[in-house]
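Before any comments, here is the structure.
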Amino acid sequence: MTIDTQAVRKAILTPVVITSLIVGLLVGVITFGIVLRPDVTSMGNSQYNRPYPMPHQYWATTDEFYMFASGGQQGGFYVYGIPSMKYLSEIPIFATDQAWGWTPENPEVRNMFTNPWTGEIVERGDTHHPSMSRTDGVYDGRWIFINDKMYGRVARVGLDTFRADEVVWMPNITGGVHGFSVGPNTELAVLNIEHEQVPDQVIQEHLGIEVDRINGPYVAGFNGIAIDGLPGGDGTMEVAWQVWGPWHHDMARIGWGVSDGWIINTSYNSERALSAVPMFGREYDYLYFWNIASIEKAIADGKYVTTEQAPDVAVISWKDVEVYMTKIPLNPHGLDISPTGKYILTSGKATTLIVAVDMDMVLEAIESSDFQGEELEVPILTTDSVRAASMDLGLGPTHIEFDNNGFAYVGFFVDSDAKTVPLGGPYIEKHGMEPWKVVDVLPAHYSIGHISIPGGDSAQPYGKYFIAMNKLAKDTFLPHGPLITESHELFSIDEQPAVLIDQMALGPETHYSQGIPVSMITPNVRGVYTLPAETEPPRVEYDYENQVTDVYMDVVRSWFTPDMFTVPQGWQVNIHMTSQEQAMDITHGLAVDNYNVNTSIDPGEIKTIEFIADKDGVHWFYCMWFCSELHMEMRGRMIVIPQDEWNAEYEWSPS
Ligand code: RUQ
Ligand code: CUA
Ligand code: CA
């Protein structure tokens with residue numbers, strides 16, 4: 001049967017109906033001040049206006065990049081789309097986040113939280129520097145890695161599941177790591193020790209530095225993490241070595257292109273001071289160049305020690321590797337490498353200076369031993385022989401990022417802006433401008449920490465957009481208490497001057513973030529986990545010897561099977577859940593009243609949760625995701641029976 005819509009419409013729109021509509025509208029205008037604005041349609045006039053409701057797969061026509069923003073004290077990632085600036089997800093890693101199903105009652109999560117040496121479960125973290133997996137220096141969309149500053153950890157997140165798969169802990173240190181970066185072929189990552197240490201005696205002896213625990217001077221260095229990340233690898237990480245020396249290091253990069261084969265890092269505390277003011281004691285600090293092959297050679301030559309804590313991690317002295325340094329403006333922070341690997345831009349936080357060190361010049365200076373002395377046995381490359389430019393750009397320089405047209409962007413915390421500077425040398429061909437002079441200023445609201453251009457720390461920046469990650473939102477958004485959200489601002493850098501096109505509030509607190517094209521992520525993103533042909537039949541098993549109850553539970557709209565189980569008080573309960581869902585977006589959960597258990601289970605996921613049934617009584621468990629119309633009924637009972645009342649008749653049976 002077909003419906004004659006014309007006829008239906010005619011029948012409805014009788015004169016009576018039309019008259020009453022007009023009268024109603026007039027009453028509305030007079031009574032409620034409704035204003036008719038025929039010039040405003042849902043499409044708007046601007047290219048940035050959007051239709052609502054959003055059509056199916058609207059993102060395909062709007063978003064060009066995924067943005068993975070480090071969460072800082074949130075402990076993982078925030079994810080949003082560019083240019084829509086729409087929040088999509090969080091990826092919890094180092095901190096519990098039950099909203100995203102990341103709780104330690106799941107043993108896989110608990111393992112990532114567990115200190116491998118002390119067994120302590122740590123549910124706090126501070127994520128700083130994401131680093132995308134790369135092939136030939138270009139993002140390849142497989143994983144994103146990130147460090148936890150607080151505990152000295154690195155995590156790998158699968159870009160197919162948006163979940164952390166592995167966490168490694170750095171040995172021999174008490175945390176306080178900072179700069180982190182993955183190499184051009186995801187074969188190595190470097191993680192700097194920022195907070196100076198009083199290490200194991202074995203390390204002190206190997207370095208020939210005796211450290212006084214009160215007066216120092218302390219020592220530090222950086223970690224090398226081997227990654228199984230060449231094509232076909234599974235991304236597994238292993239701490240391979242540590243280079244220790246007199247200095248701490250702040251930001252870190254593994255070079256590519258012209259700087260291939262070098263680890264480049266900074267120190268803002270070349271003074272080796274133990275408190276803030278003396279860390280500004282000199283008018284310069286250092287940029288360091290560590291030859292990676294020389295680190296490997298030191299290991300091959302047996303020039304290392306190991307500690308009891310980490311018998312497999314080679315501890316190498318700075319004296320046994322090839323390292324050079326050069327003076328840079330005092331207390332640097334940003335350290336970023338241009339797309340060909342040629343220029344290393346760095347800035348002094350307490351100055352207005354940004355310097356561009358030219359890696360070709362560095363290699364020449366090394367070749368010709370063009371040094372201006374040494375400190376603690378490390379040759380100092382002659383400043384003028386390695387510097388392509390020294391720019392006086394503004395107050396409070398933070399980080400630097402690059403686009404695909406030969407421009408560098410420098411963020412300023414104090415000036416609250418970013419300045420665009422054309423690079424010199426081979427980049428002049430791209431932009432045809434006089435290099436190293438400011439050509440554009442991007443105002444920010446307020447106080448830029450990191451900045452990000454998709455691909456902007458790789459051999460192939462995608463350009464087009466620039467994000468300012470502002471440390472202060474001040475009065476941009478609705479007041480919401482003394483603790484104020486962060487602010488991310490989106491600029492179009494397709495043209496100069498850049499245009500501010502959106503501002504977004506995002507939870508605390510982003511450090512570095514990386515954007516990657518949508519087309520590199522979406523084809524691989526999983527909507528559901530594929531269920532195996534056979535899954536565990538629902539049942540409950542009692543292990544009297546080990547005092548463990550294993551509950552095999554099917555989860556599907558809108559019930560748990562079994563929806564009741566018994567357990568003797570004090571026993572461990574392992575609930576092995578299988579989500580029988582294969583429909584996208586149907587996540588269930590399991591929260592147990594009064595039991596500090598709250599987790600989620602994605603469609604097709606097989607997940608175990610473990611806890612001790614230490615409180616007797618009837619405890620309802622329930623699904624806390626609104627998964628179907630019968631979601632409220634999706635609940636069941638855990639009946640915990642005091643051990644002296646327990647007998648085998650209480651055992652669950654399938655009837
Ligand atoms: S880094 S802005 Cu600059 Cu860890 Cu935070
Ligand atoms: Cu399952 Cu609500
Ligand atoms: Ca200093």
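Please note that chains go A, B, ... in the order of the structure tokens, that every chain numbers its residues from 1, and that ligands are numbered from 1 in the order shown.
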
Task: Polymer residues at most 8 Å from Tyr512 in chain A, only C-alpha atoms, same-chain spacing of 3 or more positions, as a list in words - done: Ala69, Ser70, His128, His129, Pro130, His450, Ile451 and Ser452 of chain A

For C-alpha atoms, I'd like the residues from the last selection saved as a CSV table (one decimal), in the first residue's frame.
```csv
chain,number,residue,atom,x,y,z
A,69,ALA,CA,45.3,15.3,24.2
A,70,SER,CA,47.3,14.2,27.2
A,128,HIS,CA,52.5,14.5,29.6
A,129,HIS,CA,53.9,13.6,26.2
A,130,PRO,CA,52.0,11.5,23.7
A,450,HIS,CA,51.9,23.3,24.5
A,451,ILE,CA,50.7,23.9,21.0
A,452,SER,CA,49.9,21.3,18.4
```

Kindly provide, as a compact mmCIF listing (two decimals) with C-alpha atoms, in the first residue's frame, all nucleotide and amino acid residues lying within 12 Å of ligand 2, counting only C-alpha atoms and all ligand atoms.
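Done, and the output landed in selection_31.txt:
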```txt
# COMPACT_ATOMS: atom_id res chain seq x y z
CA ASP A 554 26.70 -14.22 30.36
CA VAL A 555 25.76 -10.59 29.95
CA VAL A 556 23.19 -9.54 27.36
CA ARG A 557 20.19 -7.21 27.14
CA SER A 558 18.64 -7.33 29.69
CA TRP A 559 19.91 -9.84 32.17
CA PHE A 560 22.86 -11.55 33.78
CA SER A 579 29.09 -10.06 26.74
CA GLN A 580 26.95 -11.87 24.21
CA GLU A 581 26.23 -8.58 22.47
CA ASP A 585 27.28 0.89 21.28
CA ILE A 586 25.69 -1.65 23.64
CA THR A 587 28.01 -1.63 26.59
CA HIS A 588 26.82 -3.15 29.86
CA GLY A 589 28.23 -2.73 33.30
CA LEU A 590 28.45 -4.47 36.59
CA ALA A 591 28.28 -2.55 39.82
CA THR A 599 33.15 -1.83 35.71
CA SER A 600 31.88 -1.95 32.18
CA ILE A 601 31.87 -4.66 29.55
CA ASP A 602 31.87 -3.77 25.87
CA PRO A 603 29.97 -5.70 23.21
CA PHE A 621 24.58 -6.22 41.48
CA TYR A 622 23.30 -4.30 38.50
CA CYS A 623 24.11 -2.95 35.09
CA MET A 624 24.81 0.77 35.30
CA TRP A 625 24.76 1.53 31.58
CA PHE A 626 21.30 2.38 30.30
CA CYS A 627 21.43 -0.40 27.74
CA SER A 628 17.81 -1.15 26.92
CA GLU A 629 14.27 -0.34 27.89
CA LEU A 630 14.57 -3.10 30.51
CA HIS A 631 17.88 -1.84 31.84
CA MET A 632 16.59 -1.29 35.38
CA GLU A 633 15.64 -4.96 35.61
CA MET A 634 19.14 -6.00 34.59
CA ARG A 635 20.30 -6.95 38.07
CA GLY A 636 21.03 -9.92 40.26
```

TODO: Return as a PyMOL selection string the residues of protein, DNA or RNA that approach ligand 3 to within 7 Å, with only C-alpha atoms and all ligand atoms taken into account.
DONE: chain A and resi 268-271+279-282+284-285+330-331

Mind dumping the selected residues with C-alpha atoms as a PDB file, in the first residue's frame?
```pdb
ATOM      1  CA  TYR A 268      67.122  23.499  32.613  1.00  0.00           C
ATOM      2  CA  ASN A 269      69.162  22.609  35.666  1.00  0.00           C
ATOM      3  CA  SER A 270      72.697  22.361  34.339  1.00  0.00           C
ATOM      4  CA  GLU A 271      73.535  24.026  37.671  1.00  0.00           C
ATOM      5  CA  MET A 279      68.356  26.477  38.991  1.00  0.00           C
ATOM      6  CA  PHE A 280      68.473  29.935  37.394  1.00  0.00           C
ATOM      7  CA  GLY A 281      72.051  30.381  38.536  1.00  0.00           C
ATOM      8  CA  ARG A 282      73.584  30.522  35.083  1.00  0.00           C
ATOM      9  CA  TYR A 284      72.681  29.433  29.892  1.00  0.00           C
ATOM     10  CA  ASP A 285      71.836  25.789  30.058  1.00  0.00           C
ATOM     11  CA  LEU A 330      68.694  29.661  30.316  1.00  0.00           C
ATOM     12  CA  ASN A 331      66.080  27.277  31.594  1.00  0.00           C
TER      13      ASN A 331
END
```

- [ ] Return as a ChimeraX atom specification every polymer residue, whether protein, DNA or RNA, with at least one atom no more than 8 Å from an atom of ligand 1; count only C-alpha atoms and all ligand atoms.
- [x] /A:127-129,149,178-179,251,333-334,398-399,448-450,510-512

Okay, now the selection with N, CA, C and O atoms, as a short mmCIF file (atom, residue, chain, number, x, y, z; two decimals), in the first residue's frame?
```
data_model
loop_
_atom_site.label_atom_id
_atom_site.label_comp_id
_atom_site.auth_asym_id
_atom_site.auth_seq_id
_atom_site.Cartn_x
_atom_site.Cartn_y
_atom_site.Cartn_z
N THR A 127 49.93 12.33 32.95
CA THR A 127 50.38 12.07 31.57
C THR A 127 50.84 13.35 30.89
O THR A 127 50.16 14.39 30.98
N HIS A 128 51.95 13.29 30.22
CA HIS A 128 52.51 14.50 29.59
C HIS A 128 52.67 14.45 28.08
O HIS A 128 52.13 15.28 27.38
N HIS A 129 53.48 13.51 27.60
CA HIS A 129 53.90 13.62 26.20
C HIS A 129 53.49 12.43 25.38
O HIS A 129 54.17 11.41 25.38
N LYS A 149 54.51 11.12 34.28
CA LYS A 149 55.63 11.85 34.88
C LYS A 149 55.89 11.40 36.32
O LYS A 149 57.02 11.27 36.76
N HIS A 178 60.17 13.13 32.48
CA HIS A 178 59.46 14.16 31.73
C HIS A 178 59.48 13.89 30.23
O HIS A 178 58.65 13.17 29.73
N GLY A 179 60.46 14.49 29.51
CA GLY A 179 60.43 14.38 28.05
C GLY A 179 60.35 12.94 27.60
O GLY A 179 61.03 12.07 28.13
N MET A 251 63.10 18.03 28.21
CA MET A 251 62.44 17.54 27.00
C MET A 251 63.37 16.61 26.23
O MET A 251 64.58 16.73 26.30
N HIS A 333 62.61 25.09 27.81
CA HIS A 333 61.56 24.08 27.93
C HIS A 333 61.35 23.41 26.58
O HIS A 333 61.71 22.26 26.40
N GLY A 334 60.78 24.13 25.61
CA GLY A 334 60.52 23.52 24.32
C GLY A 334 61.78 22.99 23.66
O GLY A 334 62.85 23.58 23.79
N THR A 398 57.26 28.62 25.36
CA THR A 398 57.04 27.26 25.85
C THR A 398 57.47 26.26 24.79
O THR A 398 58.64 25.92 24.71
N HIS A 399 56.53 25.82 23.94
CA HIS A 399 56.88 24.77 22.99
C HIS A 399 56.80 25.28 21.56
O HIS A 399 56.26 26.36 21.30
N ILE A 448 49.57 29.99 26.92
CA ILE A 448 49.78 28.73 26.20
C ILE A 448 50.82 27.86 26.90
O ILE A 448 51.86 28.36 27.33
N GLY A 449 50.50 26.58 27.03
CA GLY A 449 51.50 25.61 27.45
C GLY A 449 52.06 24.98 26.18
O GLY A 449 52.94 25.52 25.53
N HIS A 450 51.47 23.84 25.81
CA HIS A 450 51.86 23.25 24.53
C HIS A 450 51.01 23.80 23.40
O HIS A 450 49.93 24.36 23.63
N THR A 510 45.86 19.42 30.00
CA THR A 510 46.59 18.95 28.84
C THR A 510 48.03 19.44 28.82
O THR A 510 48.27 20.61 29.05
N HIS A 511 48.94 18.56 28.51
CA HIS A 511 50.29 18.97 28.13
C HIS A 511 50.35 18.81 26.61
O HIS A 511 49.56 19.42 25.92
N TYR A 512 51.22 17.94 26.11
CA TYR A 512 51.27 17.84 24.66
C TYR A 512 50.09 17.01 24.14
O TYR A 512 49.53 16.17 24.85
#
```

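Distances from A:Ile354, A:Ile146, A:Ala60, A:Met54 to Met132 in chain A were compared using only C-alpha atoms, and the smallest one belongs to A:Ile146.
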
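Near range 474-480 of chain A, within 12 Å and counting only C-alpha atoms, sit Ala444, His445, Tyr446, Ser447, Thr485, Glu486, Ser487, His488, Glu489, Gln503, Met504, Ala505 and Leu506 of chain A; same-chain residues fewer than 5 positions away were not included.
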
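Surrounding range 453-469 of chain A within 6 Å are Gly137, Val138, Pro339, Thr340, Glu401, Phe402, Asp403, Asn404, Ile448, Gly449, His488, Glu489, Leu490, Phe491, Ser492, Ile493, Asp494, Gly515 and Ile516 of chain A, with only C-alpha atoms counted and residues fewer than 4 positions along the same chain left out.
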
Kindly export the residues of the current selection with all heavy atoms, as a compact mmCIF listing (two decimals), in the first residue's frame.
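Full text of selection_32.txt as output:
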```
# COMPACT_ATOMS: atom_id res chain seq x y z
N GLY A 137 59.51 8.05 10.10
CA GLY A 137 59.30 9.38 10.66
C GLY A 137 57.90 9.93 10.48
O GLY A 137 57.63 11.07 10.87
N VAL A 138 57.00 9.13 9.90
CA VAL A 138 55.64 9.61 9.62
C VAL A 138 54.64 8.78 10.44
O VAL A 138 54.79 7.56 10.54
CB VAL A 138 55.34 9.47 8.10
CG1 VAL A 138 53.91 9.91 7.79
CG2 VAL A 138 56.33 10.30 7.30
N PRO A 339 60.59 19.38 10.28
CA PRO A 339 60.20 18.15 9.58
C PRO A 339 61.33 17.37 8.91
O PRO A 339 61.28 16.15 8.85
CB PRO A 339 59.19 18.66 8.54
CG PRO A 339 58.60 19.89 9.16
CD PRO A 339 59.70 20.51 9.95
N THR A 340 62.36 18.04 8.42
CA THR A 340 63.45 17.28 7.79
C THR A 340 64.48 16.82 8.80
O THR A 340 65.47 16.19 8.45
CB THR A 340 64.19 18.13 6.74
OG1 THR A 340 64.77 19.26 7.42
CG2 THR A 340 63.27 18.61 5.64
N GLU A 401 56.11 24.07 17.34
CA GLU A 401 55.54 23.06 16.45
C GLU A 401 55.74 23.54 15.02
O GLU A 401 55.99 24.72 14.78
CB GLU A 401 54.04 22.91 16.80
CG GLU A 401 53.41 21.67 16.24
CD GLU A 401 53.55 20.40 17.08
OE1 GLU A 401 54.58 20.25 17.78
OE2 GLU A 401 52.65 19.56 17.04
N PHE A 402 55.62 22.61 14.06
CA PHE A 402 55.92 22.94 12.66
C PHE A 402 54.74 22.59 11.77
O PHE A 402 54.00 21.65 12.05
CB PHE A 402 57.16 22.16 12.21
CG PHE A 402 58.36 22.45 13.07
CD1 PHE A 402 58.61 21.68 14.20
CD2 PHE A 402 59.19 23.51 12.79
CE1 PHE A 402 59.70 21.96 15.02
CE2 PHE A 402 60.28 23.80 13.61
CZ PHE A 402 60.53 23.02 14.73
N ASP A 403 54.59 23.38 10.68
CA ASP A 403 53.56 23.03 9.70
C ASP A 403 54.22 22.44 8.46
O ASP A 403 55.42 22.17 8.46
CB ASP A 403 52.65 24.22 9.40
CG ASP A 403 53.35 25.31 8.58
OD1 ASP A 403 54.51 25.09 8.15
OD2 ASP A 403 52.75 26.37 8.38
N ASN A 404 53.44 22.26 7.41
CA ASN A 404 53.96 21.64 6.19
C ASN A 404 54.44 22.67 5.17
O ASN A 404 54.77 22.33 4.05
CB ASN A 404 52.89 20.73 5.57
CG ASN A 404 51.54 21.42 5.48
OD1 ASN A 404 51.27 22.37 6.23
ND2 ASN A 404 50.70 20.99 4.57
N ILE A 448 49.57 29.99 26.92
CA ILE A 448 49.78 28.73 26.20
C ILE A 448 50.82 27.86 26.90
O ILE A 448 51.86 28.36 27.33
CB ILE A 448 50.27 29.03 24.77
CG1 ILE A 448 49.17 29.74 23.97
CG2 ILE A 448 50.70 27.76 24.06
CD1 ILE A 448 49.56 30.09 22.55
N GLY A 449 50.50 26.58 27.03
CA GLY A 449 51.50 25.61 27.45
C GLY A 449 52.06 24.98 26.18
O GLY A 449 52.94 25.52 25.53
N HIS A 488 41.07 24.91 24.98
CA HIS A 488 41.78 24.63 23.73
C HIS A 488 41.22 25.53 22.65
O HIS A 488 40.00 25.67 22.52
CB HIS A 488 41.58 23.16 23.30
CG HIS A 488 42.41 22.19 24.08
ND1 HIS A 488 42.84 21.00 23.56
CD2 HIS A 488 42.89 22.25 25.35
CE1 HIS A 488 43.56 20.35 24.48
NE2 HIS A 488 43.59 21.08 25.57
N GLU A 489 42.09 26.13 21.89
CA GLU A 489 41.64 27.02 20.82
C GLU A 489 42.12 26.50 19.48
O GLU A 489 43.27 26.09 19.33
CB GLU A 489 42.19 28.42 21.04
CG GLU A 489 41.47 29.13 22.17
CD GLU A 489 42.09 30.48 22.43
OE1 GLU A 489 43.29 30.53 22.74
OE2 GLU A 489 41.38 31.48 22.29
N LEU A 490 41.22 26.55 18.53
CA LEU A 490 41.51 26.05 17.19
C LEU A 490 41.69 27.21 16.23
O LEU A 490 40.82 28.08 16.12
CB LEU A 490 40.34 25.17 16.73
CG LEU A 490 40.43 24.64 15.30
CD1 LEU A 490 41.52 23.57 15.18
CD2 LEU A 490 39.08 24.06 14.86
N PHE A 491 42.81 27.22 15.55
CA PHE A 491 43.07 28.22 14.50
C PHE A 491 43.19 27.50 13.17
O PHE A 491 43.74 26.40 13.10
CB PHE A 491 44.39 28.95 14.75
CG PHE A 491 44.41 29.84 15.97
CD1 PHE A 491 44.57 29.30 17.24
CD2 PHE A 491 44.29 31.22 15.84
CE1 PHE A 491 44.61 30.11 18.37
CE2 PHE A 491 44.34 32.04 16.96
CZ PHE A 491 44.49 31.49 18.22
N SER A 492 42.69 28.15 12.14
CA SER A 492 42.99 27.69 10.79
C SER A 492 44.31 28.34 10.40
O SER A 492 44.46 29.55 10.49
CB SER A 492 41.88 28.12 9.83
OG SER A 492 42.37 28.03 8.51
N ILE A 493 45.28 27.52 9.97
CA ILE A 493 46.56 28.10 9.52
C ILE A 493 46.74 27.85 8.03
O ILE A 493 47.85 27.88 7.52
CB ILE A 493 47.75 27.54 10.32
CG1 ILE A 493 47.74 26.01 10.34
CG2 ILE A 493 47.77 28.10 11.74
CD1 ILE A 493 49.05 25.41 10.85
N ASP A 494 45.64 27.62 7.36
CA ASP A 494 45.70 27.48 5.91
C ASP A 494 46.10 28.80 5.26
O ASP A 494 46.60 28.83 4.15
CB ASP A 494 44.33 27.05 5.36
CG ASP A 494 44.35 25.58 5.01
OD1 ASP A 494 45.44 24.97 5.08
OD2 ASP A 494 43.29 25.05 4.66
N GLY A 515 47.54 15.28 16.83
CA GLY A 515 46.43 15.07 15.92
C GLY A 515 46.87 14.17 14.77
O GLY A 515 48.01 14.24 14.32
N ILE A 516 45.95 13.32 14.34
CA ILE A 516 46.27 12.37 13.27
C ILE A 516 45.05 12.28 12.35
O ILE A 516 43.91 12.34 12.83
CB ILE A 516 46.67 10.99 13.87
CG1 ILE A 516 47.09 10.00 12.79
CG2 ILE A 516 45.57 10.42 14.74
CD1 ILE A 516 47.77 8.74 13.32
```

- [ ] Go through A:Pro532, A:Glu495, A:Ile639, A:Val518 and flag the residue nearest Thr62 in chain A, using only C-alpha atoms for the distances.
- [x] A:Val518

Open item on the list: I'd like the contact shell of Glu194 in chain A - 12 Å cut-off, only C-alpha atoms, skipping same-chain residues fewer than 4 positions apart - returned as a PyMOL selection string.
Closed with: chain A and resi 149-152+173-180+218-223+244+246-252+265-270+272+333

Would you write out those residues with N, CA and C atoms, as a CSV table (one decimal), in the first residue's frame?
```
chain,number,residue,atom,x,y,z
A,149,LYS,N,54.5,11.1,34.3
A,149,LYS,CA,55.6,11.8,34.9
A,149,LYS,C,55.9,11.4,36.3
A,150,MET,N,54.8,11.1,37.0
A,150,MET,CA,54.9,11.0,38.5
A,150,MET,C,55.6,9.7,38.9
A,151,TYR,N,55.3,8.6,38.2
A,151,TYR,CA,55.8,7.3,38.6
A,151,TYR,C,56.9,6.7,37.7
A,152,GLY,N,57.2,7.4,36.6
A,152,GLY,CA,58.2,6.9,35.7
A,152,GLY,C,57.7,5.7,34.9
A,173,ILE,N,64.7,4.2,39.6
A,173,ILE,CA,64.4,5.7,39.9
A,173,ILE,C,63.1,5.7,40.8
A,174,THR,N,62.9,6.9,41.3
A,174,THR,CA,61.7,7.1,42.2
A,174,THR,C,60.7,7.9,41.4
A,175,GLY,N,60.7,7.9,40.1
A,175,GLY,CA,59.7,8.7,39.3
A,175,GLY,C,60.3,10.0,38.8
A,176,GLY,N,59.4,10.9,38.5
A,176,GLY,CA,59.8,12.3,38.1
A,176,GLY,C,60.4,12.3,36.7
A,177,VAL,N,59.8,11.6,35.7
A,177,VAL,CA,60.3,11.6,34.4
A,177,VAL,C,59.6,12.7,33.6
A,178,HIS,N,60.2,13.1,32.5
A,178,HIS,CA,59.5,14.2,31.7
A,178,HIS,C,59.5,13.9,30.2
A,179,GLY,N,60.5,14.5,29.5
A,179,GLY,CA,60.4,14.4,28.1
A,179,GLY,C,60.3,12.9,27.6
A,180,PHE,N,59.5,12.7,26.6
A,180,PHE,CA,59.3,11.3,26.1
A,180,PHE,C,59.1,11.4,24.6
A,218,TYR,N,72.9,15.4,43.0
A,218,TYR,CA,72.2,14.2,42.6
A,218,TYR,C,72.6,13.9,41.1
A,219,VAL,N,72.1,12.8,40.6
A,219,VAL,CA,72.4,12.4,39.3
A,219,VAL,C,71.1,12.0,38.6
A,220,ALA,N,71.2,11.9,37.3
A,220,ALA,CA,70.0,11.6,36.5
A,220,ALA,C,70.4,11.1,35.1
A,221,GLY,N,69.5,11.2,34.1
A,221,GLY,CA,69.9,10.7,32.8
A,221,GLY,C,68.6,10.4,32.0
A,222,PHE,N,68.6,9.3,31.3
A,222,PHE,CA,67.4,9.0,30.5
A,222,PHE,C,67.3,7.5,30.2
A,223,ASN,N,66.1,7.1,30.0
A,223,ASN,CA,65.8,5.6,29.8
A,223,ASN,C,65.6,5.4,28.3
A,244,TRP,N,73.1,7.2,32.6
A,244,TRP,CA,73.1,8.1,33.8
A,244,TRP,C,74.3,9.1,33.7
A,246,PRO,N,75.7,13.4,35.2
A,246,PRO,CA,75.5,14.4,36.2
A,246,PRO,C,74.2,15.2,36.1
A,247,TRP,N,73.6,15.2,34.9
A,247,TRP,CA,72.5,16.1,34.7
A,247,TRP,C,71.2,15.5,34.6
A,248,HIS,N,70.2,16.2,35.0
A,248,HIS,CA,68.8,15.8,34.7
A,248,HIS,C,68.5,16.2,33.2
A,249,HIS,N,67.4,15.7,32.7
A,249,HIS,CA,67.0,16.1,31.4
A,249,HIS,C,65.5,16.4,31.4
A,250,ASP,N,65.1,17.4,30.6
A,250,ASP,CA,63.7,17.9,30.6
A,250,ASP,C,63.1,17.3,29.3
A,251,MET,N,63.1,18.0,28.2
A,251,MET,CA,62.4,17.5,27.0
A,251,MET,C,63.4,16.6,26.2
A,252,ALA,N,62.8,15.7,25.5
A,252,ALA,CA,63.5,14.7,24.8
A,252,ALA,C,63.0,14.5,23.4
A,265,ASN,N,68.3,16.2,23.9
A,265,ASN,CA,67.5,16.6,25.0
A,265,ASN,C,68.1,17.8,25.7
A,266,THR,N,67.3,18.4,26.6
A,266,THR,CA,67.7,19.6,27.3
A,266,THR,C,67.9,19.4,28.8
A,267,SER,N,68.5,20.4,29.4
A,267,SER,CA,68.4,20.4,30.8
A,267,SER,C,68.2,21.9,31.2
A,268,TYR,N,67.3,22.1,32.1
A,268,TYR,CA,67.1,23.5,32.6
A,268,TYR,C,67.9,23.7,33.9
A,269,ASN,N,68.4,22.6,34.4
A,269,ASN,CA,69.2,22.6,35.7
A,269,ASN,C,70.6,22.1,35.5
A,270,SER,N,71.3,22.8,34.5
A,270,SER,CA,72.7,22.4,34.3
A,270,SER,C,73.5,22.8,35.6
A,272,ARG,N,72.8,21.8,38.4
A,272,ARG,CA,72.7,20.7,39.3
A,272,ARG,C,72.2,21.1,40.7
A,333,HIS,N,62.6,25.1,27.8
A,333,HIS,CA,61.6,24.1,27.9
A,333,HIS,C,61.3,23.4,26.6
```

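Proximity to Gln372 in chain A was assessed for A:Thr326, A:Gly302, A:Val592, A:Gln309 counting only C-alpha atoms; the smallest distance is recorded for A:Thr326.
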
TODO: Give me the residues within 10 Å of range 84-90 of chain A as a VMD selection string, counting only C-alpha atoms and dropping any in the same chain fewer than 5 places off.
DONE: chain A and resid 48 to 50 59 62 to 71 74 to 79 97 99 to 100 162 to 163 488 to 490 501 to 506

Open item on the list: If you run DSSP on the backbone here, which positions in range 389-601 of chain A get alpha helix (DSSP H)? Please write them as a ChimeraX atom specification.
Closed with: /A:428-431

Task: Interatomic distance, CA of Thr96 in chain A to CA of Gly527 in chain A (Å, one decimal) - done: 23.0 Å

Open item on the list: as a ChimeraX atom specification, please: every residue in range 413-587 of chain A that a backbone DSSP assignment puts in strand (DSSP E).
Closed with: /A:417-422,440-443,448-452,465-470,486-492,499-506,513-517,539-543,548-556,559-561,564-568,572-579
